[in-house]
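**Student:** Okay, so here is protein26.pdb, and as you'll see once you scroll down, it has PDB, C-alpha atoms.
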```
ATOM      1  CA  MET A 273      31.441   0.399  36.708
ATOM      2  CA  ALA A 274      30.999   2.882  33.920
ATOM      3  CA  GLU A 275      32.579   0.500  31.469
ATOM      4  CA  GLU A 276      30.229  -2.255  32.448
ATOM      5  CA  ILE A 277      27.250  -0.048  31.845
ATOM      6  CA  GLN A 278      28.739   1.100  28.587
ATOM      7  CA  LYS A 279      28.970  -2.512  27.468
ATOM      8  CA  LYS A 280      25.441  -3.215  28.549
ATOM      9  CA  LEU A 281      24.303  -0.114  26.749
ATOM     10  CA  GLN A 282      25.937  -1.249  23.559
ATOM     11  CA  LYS A 283      24.352  -4.675  23.805
ATOM     12  CA  GLU A 284      20.970  -3.181  24.478
ATOM     13  CA  PHE A 285      21.421  -0.821  21.579
ATOM     14  CA  GLU A 286      22.170  -3.696  19.244
ATOM     15  CA  LEU A 287      19.086  -5.465  20.478
ATOM     16  CA  PHE A 288      17.078  -2.346  19.809
ATOM     17  CA  ASN A 289      18.371  -2.018  16.272
ATOM     18  CA  ASN A 290      17.626  -5.654  15.538
ATOM     19  CA  LEU A 291      14.116  -5.223  16.848
ATOM     20  CA  LYS A 292      13.683  -2.186  14.657
ATOM     21  CA  LYS A 293      14.725  -4.155  11.591
ATOM     22  CA  GLU A 294      12.393  -6.988  12.492
ATOM     23  CA  TYR A 295       9.610  -4.507  13.012
ATOM     24  CA  HIS A 296      10.103  -2.960   9.583
ATOM     25  CA  LYS A 297      10.074  -6.397   8.030
ATOM     26  CA  ALA A 298       6.869  -7.295   9.817
ATOM     27  CA  VAL A 299       5.205  -4.082   8.677
ATOM     28  CA  ALA A 300       6.272  -4.685   5.080
ATOM     29  CA  LEU A 301       4.825  -8.192   5.254
ATOM     30  CA  LYS A 302       1.587  -6.808   6.629
ATOM     31  CA  GLN A 303       1.367  -4.326   3.771
ATOM     32  CA  GLN A 304       1.918  -7.094   1.265
ATOM     33  CA  LEU A 305      -0.805  -9.167   2.883
ATOM     34  CA  ASP A 306      -3.118  -6.181   2.823
ATOM     35  CA  SER A 307      -2.682  -5.666  -0.890
ATOM     36  CA  GLN A 308      -3.189  -9.385  -1.497
ATOM     37  CA  LEU A 309      -6.347  -9.263   0.553
ATOM     38  CA  ASN A 310      -7.646  -6.353  -1.499
ATOM     39  CA  GLU A 311      -6.843  -8.009  -4.789
ATOM     40  CA  ASN A 312      -8.561 -11.215  -3.740
ATOM     41  CA  LYS A 313     -11.588  -9.268  -2.579
ATOM     42  CA  VAL A 314     -11.823  -7.630  -5.994
ATOM     43  CA  VAL A 315     -11.549 -11.015  -7.708
ATOM     44  CA  LYS A 316     -14.262 -12.423  -5.459
ATOM     45  CA  GLU A 317     -16.567  -9.568  -6.386
ATOM     46  CA  GLU A 318     -15.860 -10.101 -10.061
ATOM     47  CA  LEU A 319     -16.498 -13.831  -9.835
ATOM     48  CA  ASN A 320     -19.773 -13.154  -8.095
ATOM     49  CA  LEU A 321     -20.792 -10.798 -10.890
ATOM     50  CA  LEU A 322     -20.222 -13.450 -13.565
ATOM     51  CA  LYS A 323     -23.045 -15.386 -15.131
ATOM     52  CA  LYS A 324     -23.333 -19.005 -14.056
ATOM     53  CA  ASP A 325     -22.199 -20.363 -17.406
ATOM     54  CA  ALA A 326     -19.300 -17.938 -17.807
ATOM     55  CA  GLU A 327     -15.948 -19.510 -18.529
ATOM     56  CA  VAL A 328     -13.198 -18.923 -16.012
ATOM     57  CA  TYR A 329      -9.538 -19.596 -16.569
ATOM     58  CA  LYS A 330      -6.668 -19.768 -14.146
ATOM     59  CA  LEU A 331      -3.224 -18.694 -15.208
ATOM     60  CA  ILE A 332      -0.776 -21.461 -14.340
ATOM     61  CA  GLY A 333       2.673 -20.549 -15.540
ATOM     62  CA  PRO A 334       2.198 -19.344 -19.098
ATOM     63  CA  VAL A 335      -0.993 -21.334 -19.774
ATOM     64  CA  LEU A 336      -4.609 -20.524 -19.136
ATOM     65  CA  VAL A 337      -6.375 -23.513 -17.677
ATOM     66  CA  LYS A 338     -10.129 -23.646 -17.744
ATOM     67  CA  GLN A 339     -11.671 -23.843 -14.333
ATOM     68  CA  ASP A 340     -15.078 -24.381 -12.894
ATOM     69  CA  LEU A 341     -16.644 -21.130 -11.678
ATOM     70  CA  GLU A 342     -17.721 -22.712  -8.407
ATOM     71  CA  GLU A 343     -14.268 -24.109  -7.879
ATOM     72  CA  ALA A 344     -12.699 -20.729  -8.549
ATOM     73  CA  LYS A 345     -15.057 -19.096  -6.079
ATOM     74  CA  GLN A 346     -14.187 -21.657  -3.433
ATOM     75  CA  ASN A 347     -10.499 -21.203  -4.105
ATOM     76  CA  VAL A 348     -10.707 -17.460  -3.684
ATOM     77  CA  ALA A 349     -12.781 -17.825  -0.517
ATOM     78  CA  LYS A 350     -10.182 -20.191   0.890
ATOM     79  CA  ARG A 351      -7.411 -17.824  -0.015
ATOM     80  CA  LEU A 352      -9.232 -14.914   1.614
ATOM     81  CA  GLU A 353      -9.625 -16.964   4.766
ATOM     82  CA  TYR A 354      -5.936 -17.804   4.762
ATOM     83  CA  ILE A 355      -4.867 -14.217   4.157
ATOM     84  CA  ASN A 356      -7.140 -12.979   6.924
ATOM     85  CA  LYS A 357      -5.558 -15.468   9.284
ATOM     86  CA  GLU A 358      -2.096 -14.372   8.216
ATOM     87  CA  ILE A 359      -3.010 -10.738   8.759
ATOM     88  CA  LYS A 360      -4.205 -11.491  12.267
ATOM     89  CA  ARG A 361      -0.969 -13.327  12.956
ATOM     90  CA  SER A 362       1.088 -10.526  11.535
ATOM     91  CA  ASP A 363      -0.866  -7.968  13.577
ATOM     92  CA  GLY A 364      -0.075  -9.929  16.713
ATOM     93  CA  ASN A 365       3.549 -10.133  15.702
ATOM     94  CA  ILE A 366       3.711  -6.396  15.091
ATOM     95  CA  SER A 367       2.205  -5.452  18.432
ATOM     96  CA  ALA A 368       4.496  -7.924  20.214
ATOM     97  CA  LEU A 369       7.471  -6.309  18.505
ATOM     98  CA  GLU A 370       6.172  -2.895  19.469
ATOM     99  CA  ASN A 371       6.002  -3.921  23.107
ATOM    100  CA  LYS A 372       9.467  -5.417  22.999
ATOM    101  CA  GLN A 373      10.809  -2.295  21.377
ATOM    102  CA  GLU A 374       9.313  -0.157  24.069
ATOM    103  CA  ALA A 375      10.752  -2.310  26.831
ATOM    104  CA  VAL A 376      14.226  -2.187  25.311
ATOM    105  CA  HIS A 377      13.886   1.527  24.778
ATOM    106  CA  GLU A 378      13.089   2.008  28.425
ATOM    107  CA  ASN A 379      16.041  -0.126  29.394
ATOM    108  CA  LEU A 380      18.235   1.954  27.159
ATOM    109  CA  ASN A 381      17.069   5.144  28.776
ATOM    110  CA  LYS A 382      17.635   3.720  32.223
ATOM    111  CA  LEU A 383      21.165   2.670  31.370
ATOM    112  CA  LYS A 384      21.837   6.047  29.852
ATOM    113  CA  THR A 385      20.758   7.909  32.965
ATOM    114  CA  ASN A 386      22.799   5.483  35.069
ATOM    115  CA  LEU A 387      25.830   6.248  32.993
ATOM    116  CA  ASP A 388      25.211   9.963  33.146
ATOM    117  CA  ASN A 389      24.857   9.820  36.914
ATOM    118  CA  LEU A 390      28.124   7.935  37.204
ATOM    119  CA  LYS A 391      29.839  10.467  35.023
ATOM    120  CA  ILE A 392      28.560  13.293  37.150
ATOM    121  CA  ALA A 393      29.651  11.513  40.313
ATOM    122  CA  ALA A 394      33.107  10.801  38.923
TER     123      ALA A 394
ATOM    124  CA  MET I 178      -5.064  -2.540  -5.810
ATOM    125  CA  ALA I 179      -5.385  -1.149  -2.327
ATOM    126  CA  THR I 180      -8.416   0.646  -1.090
ATOM    127  CA  ILE I 181      -7.530   3.838   0.656
ATOM    128  CA  SER I 182      -9.617   5.082   3.506
ATOM    129  CA  SER I 183      -9.510   8.698   4.494
ATOM    130  CA  ALA I 184     -10.503   7.944   8.067
ATOM    131  CA  PRO I 185      -7.863   8.987  10.588
ATOM    132  CA  ALA I 186      -5.798   6.129  11.915
ATOM    133  CA  PRO I 187      -6.504   5.062  15.482
ATOM    134  CA  GLY I 188      -4.010   6.478  17.931
ATOM    135  CA  MET I 189      -3.825   9.729  16.031
ATOM    136  CA  HIS I 190      -4.362  12.762  18.181
ATOM    137  CA  GLN I 191      -4.213  16.449  17.796
ATOM    138  CA  ILE I 192      -0.977  18.163  18.578
ATOM    139  CA  ASP I 193      -0.577  21.822  19.297
ATOM    140  CA  LEU I 194       2.217  22.825  16.951
ATOM    141  CA  SER I 195       3.233  25.820  19.027
ATOM    142  CA  LYS I 196       4.160  23.492  21.908
ATOM    143  CA  LEU I 197       6.740  21.603  19.881
ATOM    144  CA  ASN I 198      10.355  22.653  19.679
ATOM    145  CA  LEU I 199      12.260  23.184  16.456
ATOM    146  CA  ASN I 200      13.719  19.700  16.453
ATOM    147  CA  GLN I 201      10.348  18.049  16.838
ATOM    148  CA  LEU I 202       8.864  20.275  14.163
ATOM    149  CA  ALA I 203      11.651  19.362  11.762
ATOM    150  CA  LYS I 204      11.058  15.689  12.425
ATOM    151  CA  LEU I 205       7.340  16.075  11.880
ATOM    152  CA  LYS I 206       7.964  17.891   8.641
ATOM    153  CA  GLN I 207      10.284  15.154   7.492
ATOM    154  CA  GLN I 208       7.642  12.572   8.256
ATOM    155  CA  LEU I 209       5.048  14.522   6.310
ATOM    156  CA  ASP I 210       7.438  14.896   3.388
ATOM    157  CA  GLN I 211       7.835  11.154   3.338
ATOM    158  CA  GLU I 212       4.097  10.600   3.425
ATOM    159  CA  LEU I 213       3.570  13.085   0.631
ATOM    160  CA  ASN I 214       6.143  11.211  -1.434
ATOM    161  CA  VAL I 215       4.261   7.976  -0.890
ATOM    162  CA  PHE I 216       1.083   9.701  -2.048
ATOM    163  CA  GLN I 217       2.835  10.968  -5.134
ATOM    164  CA  ASP I 218       4.080   7.488  -5.957
ATOM    165  CA  SER I 219       0.653   5.971  -5.397
ATOM    166  CA  LEU I 220      -0.918   8.565  -7.664
ATOM    167  CA  GLN I 221       1.603   7.724 -10.360
ATOM    168  CA  THR I 222       0.858   4.013 -10.077
ATOM    169  CA  LEU I 223      -2.871   4.625 -10.130
ATOM    170  CA  LYS I 224      -2.523   6.841 -13.165
ATOM    171  CA  ILE I 225      -0.736   4.057 -15.029
ATOM    172  CA  ALA I 226      -3.423   1.569 -13.991
ATOM    173  CA  GLN I 227      -6.111   4.007 -15.069
ATOM    174  CA  GLY I 228      -4.452   4.425 -18.447
ATOM    175  CA  LYS I 229      -4.343   0.671 -18.957
ATOM    176  CA  PHE I 230      -8.017   0.262 -18.144
ATOM    177  CA  VAL I 231      -8.997   3.131 -20.429
ATOM    178  CA  GLU I 232      -6.922   1.628 -23.224
ATOM    179  CA  SER I 233      -8.464  -1.808 -22.750
ATOM    180  CA  GLY I 234     -11.916  -0.262 -22.701
ATOM    181  CA  GLU I 235     -11.210   1.467 -25.993
ATOM    182  CA  SER I 236      -9.937  -1.767 -27.505
ATOM    183  CA  VAL I 237     -13.149  -3.546 -26.583
ATOM    184  CA  GLU I 238     -15.118  -0.809 -28.367
ATOM    185  CA  LYS I 239     -13.375  -1.767 -31.580
ATOM    186  CA  ILE I 240     -14.651  -5.342 -31.504
ATOM    187  CA  THR I 241     -18.004  -5.287 -33.264
ATOM    188  CA  PRO I 242     -19.923  -7.962 -35.200
ATOM    189  CA  GLU I 243     -18.468  -6.430 -38.377
ATOM    190  CA  THR I 244     -14.935  -7.360 -37.341
ATOM    191  CA  LYS I 245     -15.791 -11.055 -37.548
ATOM    192  CA  GLY I 246     -13.468 -12.898 -39.909
ATOM    193  CA  LYS I 247     -11.138  -9.960 -40.286
ATOM    194  CA  THR I 248      -7.428 -10.521 -39.985
ATOM    195  CA  ILE I 249      -5.334  -8.972 -37.271
ATOM    196  CA  LEU I 250      -1.704  -9.222 -36.301
ATOM    197  CA  VAL I 251      -1.249 -11.102 -33.064
ATOM    198  CA  PRO I 252       1.841 -10.288 -31.054
ATOM    199  CA  LEU I 253       3.722 -13.435 -30.035
ATOM    200  CA  THR I 254       6.419 -11.384 -28.400
ATOM    201  CA  GLY I 255       6.918  -7.656 -28.228
ATOM    202  CA  SER I 256       8.642  -7.710 -31.594
ATOM    203  CA  MET I 257       7.119 -10.666 -33.466
ATOM    204  CA  TYR I 258       3.631 -10.871 -34.923
ATOM    205  CA  VAL I 259       1.649 -13.555 -36.731
ATOM    206  CA  PRO I 260      -1.512 -12.957 -38.761
ATOM    207  CA  GLY I 261      -4.718 -14.161 -37.164
ATOM    208  CA  THR I 262      -8.436 -14.090 -37.837
ATOM    209  CA  ILE I 263     -11.068 -12.911 -35.396
ATOM    210  CA  LEU I 264     -13.562 -15.733 -34.961
ATOM    211  CA  ASP I 265     -15.433 -14.737 -31.855
ATOM    212  CA  THR I 266     -16.635 -11.156 -31.765
ATOM    213  CA  GLU I 267     -18.990 -11.669 -28.846
ATOM    214  CA  ASN I 268     -16.650 -12.644 -26.057
ATOM    215  CA  VAL I 269     -13.359 -11.521 -24.614
ATOM    216  CA  ILE I 270     -11.281 -12.930 -21.783
ATOM    217  CA  ILE I 271     -10.320 -10.496 -19.070
ATOM    218  CA  ASP I 272      -7.686 -10.671 -16.362
ATOM    219  CA  ILE I 273      -9.615 -10.071 -13.149
ATOM    220  CA  GLY I 274      -6.625 -10.411 -10.846
ATOM    221  CA  THR I 275      -4.638 -13.036  -8.916
ATOM    222  CA  GLY I 276      -4.216 -15.130 -12.047
ATOM    223  CA  TYR I 277      -7.916 -15.510 -12.797
ATOM    224  CA  TYR I 278      -9.274 -14.755 -16.238
ATOM    225  CA  ALA I 279     -12.981 -14.596 -16.983
ATOM    226  CA  GLN I 280     -14.830 -14.722 -20.249
ATOM    227  CA  LYS I 281     -17.189 -11.815 -20.682
ATOM    228  CA  ASP I 282     -19.365 -10.658 -23.532
ATOM    229  CA  ILE I 283     -18.549  -7.305 -25.080
ATOM    230  CA  GLU I 284     -21.176  -5.406 -23.126
ATOM    231  CA  SER I 285     -20.051  -6.680 -19.718
ATOM    232  CA  ALA I 286     -16.429  -6.183 -20.724
ATOM    233  CA  LYS I 287     -17.169  -2.532 -21.457
ATOM    234  CA  ASP I 288     -18.953  -2.304 -18.147
ATOM    235  CA  TYR I 289     -15.998  -3.946 -16.391
ATOM    236  CA  PHE I 290     -13.489  -1.429 -17.683
ATOM    237  CA  LYS I 291     -15.822   1.433 -16.991
ATOM    238  CA  ARG I 292     -16.161   0.258 -13.400
ATOM    239  CA  LYS I 293     -12.427  -0.180 -13.020
ATOM    240  CA  VAL I 294     -11.658   3.278 -14.373
ATOM    241  CA  GLN I 295     -14.220   4.712 -12.013
ATOM    242  CA  PHE I 296     -12.762   2.826  -9.052
ATOM    243  CA  VAL I 297      -9.230   3.948  -9.788
ATOM    244  CA  THR I 298     -10.370   7.519 -10.343
ATOM    245  CA  GLU I 299     -12.133   7.508  -6.989
ATOM    246  CA  GLN I 300      -9.005   6.244  -5.263
ATOM    247  CA  MET I 301      -6.968   8.955  -6.950
ATOM    248  CA  GLU I 302      -9.371  11.612  -5.786
ATOM    249  CA  LYS I 303      -9.153  10.317  -2.237
ATOM    250  CA  ILE I 304      -5.377  10.423  -2.301
ATOM    251  CA  GLN I 305      -5.402  13.879  -3.772
ATOM    252  CA  LEU I 306      -7.647  15.123  -0.984
ATOM    253  CA  MET I 307      -5.450  13.513   1.644
ATOM    254  CA  GLY I 308      -2.400  15.027  -0.022
ATOM    255  CA  ILE I 309      -3.942  18.480   0.135
ATOM    256  CA  GLU I 310      -4.675  18.025   3.836
ATOM    257  CA  LYS I 311      -1.122  16.910   4.521
ATOM    258  CA  SER I 312       0.308  19.795   2.520
ATOM    259  CA  LYS I 313      -1.694  22.192   4.629
ATOM    260  CA  VAL I 314      -0.308  20.695   7.825
ATOM    261  CA  ARG I 315       3.166  20.798   6.335
ATOM    262  CA  GLU I 316       2.798  24.468   5.544
ATOM    263  CA  ALA I 317       1.579  25.166   9.060
ATOM    264  CA  ILE I 318       4.640  23.412  10.422
ATOM    265  CA  ILE I 319       6.970  25.415   8.210
ATOM    266  CA  MET I 320       5.336  28.643   9.335
ATOM    267  CA  MET I 321       5.651  27.603  12.949
ATOM    268  CA  MET I 322       9.307  26.761  12.409
ATOM    269  CA  GLU I 323       9.962  30.150  10.906
ATOM    270  CA  MET I 324       8.246  31.857  13.784
ATOM    271  CA  LYS I 325      10.299  29.896  16.298
ATOM    272  CA  VAL I 326      13.526  30.705  14.502
ATOM    273  CA  GLN I 327      12.666  34.377  14.480
ATOM    274  CA  ALA I 328      11.720  34.327  18.144
ATOM    275  CA  GLN I 329      15.021  32.666  18.920
ATOM    276  CA  ALA I 330      16.986  35.220  16.933
ATOM    277  CA  GLN I 331      15.220  38.044  18.723
ATOM    278  CA  ALA I 332      15.829  36.495  22.112
ATOM    279  CA  GLN I 333      19.493  36.253  21.256
ATOM    280  CA  LYS I 334      19.575  39.861  20.182
ATOM    281  CA  ALA I 335      17.947  40.932  23.439
ATOM    282  CA  THR I 336      20.504  39.113  25.553
ATOM    283  CA  SER I 337      23.553  40.216  23.627
TER     284      SER I 337
END
```
Would you give me this structure, written as structure tokens?

**Tutor:**
Amino acid sequence: MAEEIQKKLQKEFELFNNLKKEYHKAVALKQQLDSQLNENKVVKEELNLLKKDAEVYKLIGPVLVKQDLEEAKQNVAKRLEYINKEIKRSDGNISALENKQEAVHENLNKLKTNLDNLKIAA
Amino acid sequence: MATISSAPAPGMHQIDLSKLNLNQLAKLKQQLDQELNVFQDSLQTLKIAQGKFVESGESVEKITPETKGKTILVPLTGSMYVPGTILDTENVIIDIGTGYYAQKDIESAKDYFKRKVQFVTEQMEKIQLMGIEKSKVREAIIMMMEMKVQAQAQAQKATS
């Protein structure tokens, strides 16, 4: 009986560790998205500050390619939209992982107390 | 370029330090140490960014109508230069982020760098303030830990 629980405990523990890793990854991704969002916001502001006839270039590889200001603005707006969507998705992912983690943690605790009780009984 | 808000994160609540045991206090201190390290790193990064903006701003100051037609050395790589002539003394092209470069006249370029330096400086000030707050909490935790250790030692003395 105790062995069985021990095995279960180990499995659950592995699950917990995996979840933790996944969680850290998700948080790192979120942070990256956040910084991208901020950078794009700054670019949007700058583009809005430019005069209508100002020249805008986009860096593609090592070359600067001239771009239409309106086009650049639209591009940035699209990118902002996309990043915002990704952030929402990542937020959902993070909270789902949090819930899962909590559930597994509870399970772990339950198994631990079970094991302890068995040990005391033995 | 992240904006840092000093508003407390949701889910943060006040904790009475005296109710925590030594282990919890140590953990809390560790967490704070980590956060303070992050702040330190951020400050460093911001300082570098600030320096770059200041430098660029100073470079723009040097481009005046009188520099038109003057020769300069243009770096092709970090260690190879070719001579070049300044043709346009009215406009510069500035990296505004995410791969976009915008042409600006000298005056708006100066303004741009001034704004950027100001922005970065503000962020640094915010971080510094937050760092001071955290340091205060950290000190409080250390004091509480010392008190607990002393109380423990005395309790042991009393029983022995």

**Student:** Dump as number ranges by chain the residues of chain A that approach chain I to within 6 Å, counting only C-alpha atoms.

**Tutor:** A: 307, 310-311, 315, 327-331

**Student:** Rounded to one decimal place, report the CA of Val294 in chain I-CA of Leu321 in chain A distance in Å.

**Tutor:**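 Going from CA of Val294 in chain I over to CA of Leu321 in chain A covers 17.1 Å.
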
**Student:** Please list as a JSON list (two decimals) with C-alpha atoms, in the frame of the given file every residue within 9 Å of range 323-332 of chain I, counting all atoms listed in the file and excluding residues in the same chain fewer than 6 positions away.

**Tutor:**
```json
[["chain", "number", "residue", "atom", "x", "y", "z"],
["I", 195, "SER", "CA", 3.23, 25.82, 19.03],
["I", 198, "ASN", "CA", 10.36, 22.65, 19.68],
["I", 199, "LEU", "CA", 12.26, 23.18, 16.46]]
```

**Student:** Where does the PyMOL selection byres ((chain I and resi 214-229) around 9) land in this file, that is, which residues does it pick, as a PyMOL selection string?

**Tutor:** chain I and resi 178+209-213+230-234+293-295+297-298+300-301+304-305+307-308

**Student:** Pick from I:Ala203, I:Lys245, I:Gln208, I:Pro260: nearest to Lys311 in chain I, with only C-alpha atoms counted?

**Tutor:**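 With only C-alpha atoms as the atom set, the closest residue is I:Gln208.
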
**Student:** Counting all atoms listed in the file, which residues have an atom no more than 12 Å from (-12.8, -10.1, -37.9) in the file's coordinates? Please list them as a PyMOL selection string.

**Tutor:** chain I and resi 239-250+260-267

**Student:** Using C-alpha atoms, can you write the selected residues to a file as a PDB file, keeping the file's coordinate frame?

**Tutor:**
```pdb
ATOM      1  CA  LYS I 239     -13.375  -1.767 -31.580  1.00  0.00           C
ATOM      2  CA  ILE I 240     -14.651  -5.342 -31.504  1.00  0.00           C
ATOM      3  CA  THR I 241     -18.004  -5.287 -33.264  1.00  0.00           C
ATOM      4  CA  PRO I 242     -19.923  -7.962 -35.200  1.00  0.00           C
ATOM      5  CA  GLU I 243     -18.468  -6.430 -38.377  1.00  0.00           C
ATOM      6  CA  THR I 244     -14.935  -7.360 -37.341  1.00  0.00           C
ATOM      7  CA  LYS I 245     -15.791 -11.055 -37.548  1.00  0.00           C
ATOM      8  CA  GLY I 246     -13.468 -12.898 -39.909  1.00  0.00           C
ATOM      9  CA  LYS I 247     -11.138  -9.960 -40.286  1.00  0.00           C
ATOM     10  CA  THR I 248      -7.428 -10.521 -39.985  1.00  0.00           C
ATOM     11  CA  ILE I 249      -5.334  -8.972 -37.271  1.00  0.00           C
ATOM     12  CA  LEU I 250      -1.704  -9.222 -36.301  1.00  0.00           C
ATOM     13  CA  PRO I 260      -1.512 -12.957 -38.761  1.00  0.00           C
ATOM     14  CA  GLY I 261      -4.718 -14.161 -37.164  1.00  0.00           C
ATOM     15  CA  THR I 262      -8.436 -14.090 -37.837  1.00  0.00           C
ATOM     16  CA  ILE I 263     -11.068 -12.911 -35.396  1.00  0.00           C
ATOM     17  CA  LEU I 264     -13.562 -15.733 -34.961  1.00  0.00           C
ATOM     18  CA  ASP I 265     -15.433 -14.737 -31.855  1.00  0.00           C
ATOM     19  CA  THR I 266     -16.635 -11.156 -31.765  1.00  0.00           C
ATOM     20  CA  GLU I 267     -18.990 -11.669 -28.846  1.00  0.00           C
TER      21      GLU I 267
END
```

**Student:** Hey, which of A:Glu318, A:Asp340, A:Lys313, A:Ala393 ends up closest to Arg292 in chain I? Count all atoms listed in the file.

**Tutor:**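 Ranked by minimum distance to Arg292 in chain I, first place goes to A:Glu318.
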
**Student:** Need to verify the contact set: Lys297 in chain A, 12 Å, all atoms listed in the file, exclusion of same-chain residues closer than 5 positions in sequence. Can you return it as a list in words?

**Tutor:** Asn290, Leu291, Lys292, Lys302, Gln303, Gln304, Ser362, Asn365, Ile366 and Leu369 of chain A

**Student:** How big is the axis-aligned box, and where does its centre sit, when it encloses all atoms of range 305-315 of chain A listed in the file and has 5 Å added on every side, reported in Å to one decimal as JSON?

**Tutor:**
```
{"center_x": -6.3, "center_y": -8.4, "center_z": -2.4, "size_x": 21.0, "size_y": 15.5, "size_z": 20.6}
```

**Student:** So how far away is CA of Val348 in chain A from CA of Lys323 in chain A, in Å?

**Tutor:**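 Between these atoms lies a distance of 17.0 Å.
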
**Student:** Taking 6 positions as the minimum chain separation for residues in the same chain, which residues sit within 12 Å of Ile392 in chain A when counting all atoms listed in the file? Answer as a ChimeraX atom specification.

**Tutor:** /A:274,385-386

**Student:** Find the distance between CA of Lys283 in chain A and CA of Arg361 in chain A and write it in Å to one decimal.

**Tutor:**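 Straight-line distance from CA of Lys283 in chain A to CA of Arg361 in chain A works out to 28.9 Å.
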